[in-house]
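Report on the following structure.
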Amino acid sequence: MLQSTASAIREDVASGRVSAVEVCRAFLDRTTAVNAALNAFNLVTSERALAQAAEIDRRRAAGQTLGVLAGVPVAIKDNLCVRGMTTTASSRILEHFVPPYDATVVARLAAADAVVIGKTNCDEFAMGSSNENSAFGPVRNPWAQDRTPGGSSGGSAAAVAARCAPLALGSDTGGSIRQPAGFCGVVGLKPTYGRVSRYGLLAFASSLDQIGPFTHTVRDAALALSAIAGADPSDATASREAVPDFAASLTGDIKGLRIGVPRAFVADGVDAGVRAAFDAAIGTLRGSGAQLVDIELPHARYAIPVYYLVATAEASSNLARYDGVRYGYRSARDKDQNLKQMYSRTRDEGFGAEVKRRIMLGTYVLSAGYYDAYYLKAQQVRTLVRQDYQQAFEKVDVIAMPTSPIPPFRLGERTGDPLQMYLADVFTVSANLAGLPAISVPCGFSEGHLPVGLQLTGRMFDEATLLRAADAYERETDWHAQAPAI
Ligand code: GLN
C-alpha cells in the first residue's frame with residue numbers, strides 16, 4: 001500500500017477495498033519508522049488524522065459520495081497554516097504559533113477528503129536550497145542520508161520519496177518545489193503564478209510565491225492541482241482563470257509537440273551525470289513524437305541576480321511583521337528594554353542567520369540611494385527575462401531544462417558559501433520571475449544512484465500541456481516508480 005499513488009488509494013477507499021483508517025495507519029507507521037532518521041516532519045498529527053479517516057469511513061458506510069482525494073494521506077509544508085496545528089516555517093520566531101485558520105489549499109484538500117498527517121520541515125521561511133536553514137535541523141535525503149533532500153521544501157519531498165505520504169504540499173518561490181523533487185526522485189509542480197491561492201501561506205516573496213504538490217506520478221499532480229487551484233475571495237492574487245480537470249489532459253499523445261531546448265544556457269556548469277540524464281530524457285521525448293527545437297533565453301543568465309534582489313526585497317518587507325508583538329516569539333522581558341529594543345532583540349533571537357542575511361540584503365536594495373541601482377534595475381531585467389520566454393513560446397509549446405545543474409550534495413558541503421548555494425538555483429528561478437508553470441519529473445540517476453530531475457516549463461495557465469508532456473515522458477520510463485531503500 002505504501003507504494004500506491006494517491007489516485008489508487010482514492011479508488012480503493014471509495015470502493016471500500018480498503019478503509020481510510022487502514023491507509024492512514026499504514027502511512028503513519030511508516031512515518032514514525034523513518035522520521036527519526038530523516039527529520040522530514042516538524043509535527044505528526046496521528047490522532048487527528050485517524051479521527052478524520054474514521055469519519056471518511058463512516059460517511060462511506062452511510063452511502064455518501066467521497067471527495068476526489070478521499071483517504072489520501074497528505075503532508076503539509078510547515079509554512080502553510082493548518083488550524084490548530086503549530087505552523088512554524090521552521091523558525092524559532094514562530095515555534096509556538098498555532099494559526100486560528102486553514103490556508104485555502106488546506107481547506108480545499110480537506111473538502112476533497114484528503115487526510116493531513118503532519119507538517120513538514122523546510123528551510124526557515126522557505127529561504128534556502130538544502131533544508132539546512134531549518135531551526136529544527138536539516139532533513140536527510142532518503143536516497144543517501146548524508147546528503148541534502150534539497151530545499152526549501154525538503155521535508156515534503158523526502159516524505160513523499162520515503163513513502164510517508166503519497167502527496168505533499170510545498171511552496172516554490174525560486175525552485176523550492178522543483179529542486180527538492182528532483183533531488184528526491186519525485187514529481188514536483190509549481191503552478192502558474194496566481195493559479196493557486198496563497199491565503200494562509202506565510203509569505204516569503206509575494207510576487208514569486210506559489211503553492212504546489214509533490215507526488216509519485218504526473219497524474220497525481222494533476223489531480224491535486226485541480227483540487228487546490230482556482231479563485232479565492234481571500235486572496236486577490238488568485239486568478240479567476242477557469243480550472244480544467246487536468247487529469248483529463250493526460251492523453252499520452254505528444255506527437256508534434258514542440259519542445260524548446262535552451263542549449264547555450266544549459267551548456268555550462270552542468271554535472272556530467274545530470275547532463276547525461278537530461279540528454280537521454282529529451283531523446284525519450286523525441287522518441288515519443290515531440291519535436292526538439294533550439295531556443296535562446298538570452299537574459300536567463302541574469303535570473304540569479306534579479307531573483308536574489310527581488311526576493312530579498314520582498315522578504316525584508318514581508319518579515320517586518322515578526323516583531324514579537326502579535327505573533328510567536330518575544331524576547332524575555334527586561335526592565336531596561338524599550339519597545340525598539342524589544343523588537344530588535346526578538347528578531348535577533350528569533351531569526352536564523354540566512355533569514356537575517358536576506359532581510360539585510362533586501363533592506364539595502366530598497367534603501368534610498370540604492371533603490372534605482374538595484375531594485376528598479378532588477379525589475380527591468382525581470383521584464384527582459386519574461387520577454388525571452390514569451391518569444392520562445394511563439395515557436396515552442398514547452399521548454400526543457402535540467403531542474404538543478406548538480407546532484408544532491410552532502411550536508412554541510414555548501415553551507416559556508418551562500419553564493420555557491422544561490423548559483424545552483426540557476427535553472428529554477430526564471431520560471432518564478434516570469435510567473436510560468438514548471439514541473440520536475442524523475443529522469444534517472446547520476447553517479448552514486450542520486451536522483452536527477454527533468455524540468456519542463458509551460459505557458460502561463462497552460463498546465464494542461466505541461467502535464468501532458470510530463471505524463472507522456474513518465475509513460476516511457478520507470479524512474480518515478482523506484483523507491484529508496486530506507
Ligand atoms: N533556493 C531559493 C532561495 O533560497 C528558492 C527558495 C524557494 O523557492 N522558496 O530563495
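Each chain of the C-alpha cells is named A, B, ... in the order shown, its residues numbered from 1; ligands are numbered from 1 in display order.
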Item to complete: Please extract the residues at most 9 Å from ligand 1, counting only C-alpha atoms and all ligand atoms, and provide them as a ChimeraX atom specification, using the chain letters and residue numbers of this document.
Response: /A:123,125-130,150-153,170-179,204-205,208-210,307-308,311-312,358,421-422,424-425,428-429,432
Worksheet item: Out of segment 1-215 of chain A, which residues get helix (DSSP H, G or I) from DSSP, as a PyMOL selection string?
Response: chain A and resi 6-15+20-38+46-61+92-94+104-111+124-126+154-161+178-184
Which residues of segment 204-290 of chain A come within 10 Å of segment 407-414 of chain A, and for each one, what is the closest pair of atoms and their distance in Å to one decimal, counting only C-alpha atoms, sorted by chain and residue number, as JSON lines?
```
{"residue": "A:Val270", "atom": "CA", "partner": "A:Pro407", "partner_atom": "CA", "distance": 9.5}
{"residue": "A:Asp271", "atom": "CA", "partner": "A:Pro407", "partner_atom": "CA", "distance": 7.4}
{"residue": "A:Ala272", "atom": "CA", "partner": "A:Pro407", "partner_atom": "CA", "distance": 9.8}
{"residue": "A:Gly273", "atom": "CA", "partner": "A:Pro407", "partner_atom": "CA", "distance": 8.0}
{"residue": "A:Val274", "atom": "CA", "partner": "A:Pro407", "partner_atom": "CA", "distance": 6.9}
```
Residues from the last selection, N, CA, C and O atoms, saved as a compact mmCIF listing (two decimals), in the first residue's frame:
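Resulting contents of again-v6.txt:
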```txt
# COMPACT_ATOMS: atom_id res chain seq x y z
N VAL A 270 27.11 22.21 -15.85
CA VAL A 270 26.18 21.15 -15.50
C VAL A 270 26.97 19.86 -15.24
O VAL A 270 27.80 19.46 -16.07
N ASP A 271 26.72 19.24 -14.11
CA ASP A 271 27.36 17.99 -13.74
C ASP A 271 27.19 16.94 -14.85
O ASP A 271 26.12 16.86 -15.48
N ALA A 272 28.22 16.13 -15.07
CA ALA A 272 28.19 15.18 -16.19
C ALA A 272 27.03 14.18 -16.07
O ALA A 272 26.38 13.86 -17.08
N GLY A 273 26.76 13.71 -14.87
CA GLY A 273 25.67 12.75 -14.68
C GLY A 273 24.31 13.38 -14.95
O GLY A 273 23.41 12.76 -15.52
N VAL A 274 24.16 14.63 -14.52
CA VAL A 274 22.91 15.36 -14.76
C VAL A 274 22.74 15.57 -16.27
O VAL A 274 21.67 15.35 -16.83
```
Practice prompt. Go through A:Ala392, A:Leu292, A:Ala469, A:Leu2 one by one, measure the shortest atom-to-atom distance of each to Asp279 of chain A using only C-alpha atoms, and give the residue with the smallest value.
Written response: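 Using only C-alpha atoms, Asp279 of chain A sits closest to A:Leu292.
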Fill in: DSSP strand (DSSP E or B) selection over segment 30-203 of chain A, as an MDAnalysis selection string
chainID A and resid 41:44 73:77 80 115:120 141 144 147 167:172 187:190 196 201
Export of prior selection with N, CA and C atoms as a compact mmCIF listing (two decimals), in the first residue's frame:
```txt
# COMPACT_ATOMS: atom_id res chain seq x y z
N PHE A 41 9.60 15.61 9.20
CA PHE A 41 8.39 16.21 9.78
C PHE A 41 8.73 17.05 11.01
N ASN A 42 8.12 18.23 11.09
CA ASN A 42 8.19 19.02 12.32
C ASN A 42 7.11 18.57 13.29
N LEU A 43 6.05 17.97 12.75
CA LEU A 43 4.90 17.59 13.56
C LEU A 43 4.16 16.45 12.86
N VAL A 44 3.81 15.40 13.62
CA VAL A 44 2.97 14.33 13.08
C VAL A 44 1.69 14.30 13.91
N PRO A 73 -3.47 10.28 2.45
CA PRO A 73 -2.67 10.99 3.46
C PRO A 73 -1.83 12.08 2.80
N VAL A 74 -1.84 13.27 3.39
CA VAL A 74 -1.03 14.37 2.84
C VAL A 74 -0.17 15.00 3.93
N ALA A 75 0.99 15.43 3.51
CA ALA A 75 1.91 16.12 4.41
C ALA A 75 1.98 17.57 3.95
N ILE A 76 1.95 18.50 4.89
CA ILE A 76 1.85 19.92 4.55
C ILE A 76 3.12 20.65 5.00
N LYS A 77 3.71 21.38 4.08
CA LYS A 77 4.91 22.16 4.42
C LYS A 77 4.58 23.10 5.58
N LEU A 80 2.57 26.57 5.78
CA LEU A 80 1.16 26.68 5.41
C LEU A 80 0.32 26.49 6.66
N VAL A 115 -6.42 13.51 4.00
CA VAL A 115 -6.18 13.44 5.45
C VAL A 115 -4.78 13.98 5.77
N VAL A 116 -4.72 15.10 6.47
CA VAL A 116 -3.42 15.69 6.83
C VAL A 116 -2.76 14.86 7.93
N ILE A 117 -1.54 14.38 7.67
CA ILE A 117 -0.85 13.59 8.70
C ILE A 117 0.24 14.37 9.44
N GLY A 118 0.56 15.57 8.96
CA GLY A 118 1.55 16.36 9.70
C GLY A 118 2.13 17.49 8.89
N LYS A 119 3.07 18.19 9.53
CA LYS A 119 3.70 19.36 8.94
C LYS A 119 5.17 19.04 8.64
N THR A 120 5.62 19.44 7.47
CA THR A 120 6.97 19.04 7.08
C THR A 120 8.01 20.14 7.28
N ASN A 141 18.29 13.19 2.85
CA ASN A 141 17.76 12.66 1.60
C ASN A 141 17.55 11.15 1.75
N ALA A 144 20.19 8.93 0.12
CA ALA A 144 21.57 8.98 0.62
C ALA A 144 21.54 9.91 1.83
N ARG A 147 23.20 13.23 2.53
CA ARG A 147 23.01 14.30 1.54
C ARG A 147 21.73 15.08 1.77
N LEU A 167 1.26 12.18 -1.15
CA LEU A 167 1.04 13.55 -1.61
C LEU A 167 1.52 14.52 -0.52
N ALA A 168 2.20 15.57 -0.95
CA ALA A 168 2.60 16.62 0.00
C ALA A 168 2.46 17.95 -0.70
N LEU A 169 2.28 19.01 0.09
CA LEU A 169 2.28 20.35 -0.48
C LEU A 169 3.57 21.05 -0.11
N GLY A 170 4.04 21.88 -1.04
CA GLY A 170 5.19 22.73 -0.78
C GLY A 170 4.92 24.11 -1.34
N SER A 171 5.89 25.00 -1.19
CA SER A 171 5.80 26.30 -1.83
C SER A 171 7.07 26.51 -2.64
N ASP A 172 6.95 27.30 -3.70
CA ASP A 172 8.05 27.48 -4.65
C ASP A 172 8.15 28.95 -4.99
N VAL A 187 7.85 13.71 -8.26
CA VAL A 187 7.30 14.75 -9.13
C VAL A 187 6.99 15.99 -8.28
N GLY A 188 7.35 17.17 -8.78
CA GLY A 188 7.03 18.42 -8.08
C GLY A 188 6.56 19.46 -9.06
N LEU A 189 5.42 20.06 -8.80
CA LEU A 189 4.80 21.00 -9.74
C LEU A 189 4.66 22.39 -9.13
N LYS A 190 5.24 23.38 -9.79
CA LYS A 190 4.95 24.78 -9.45
C LYS A 190 3.95 25.30 -10.47
N VAL A 196 -2.97 29.19 -7.84
CA VAL A 196 -3.37 28.64 -6.54
C VAL A 196 -3.35 29.76 -5.50
N LEU A 201 -0.50 31.03 3.40
CA LEU A 201 0.93 30.73 3.20
C LEU A 201 1.72 31.85 3.87
```
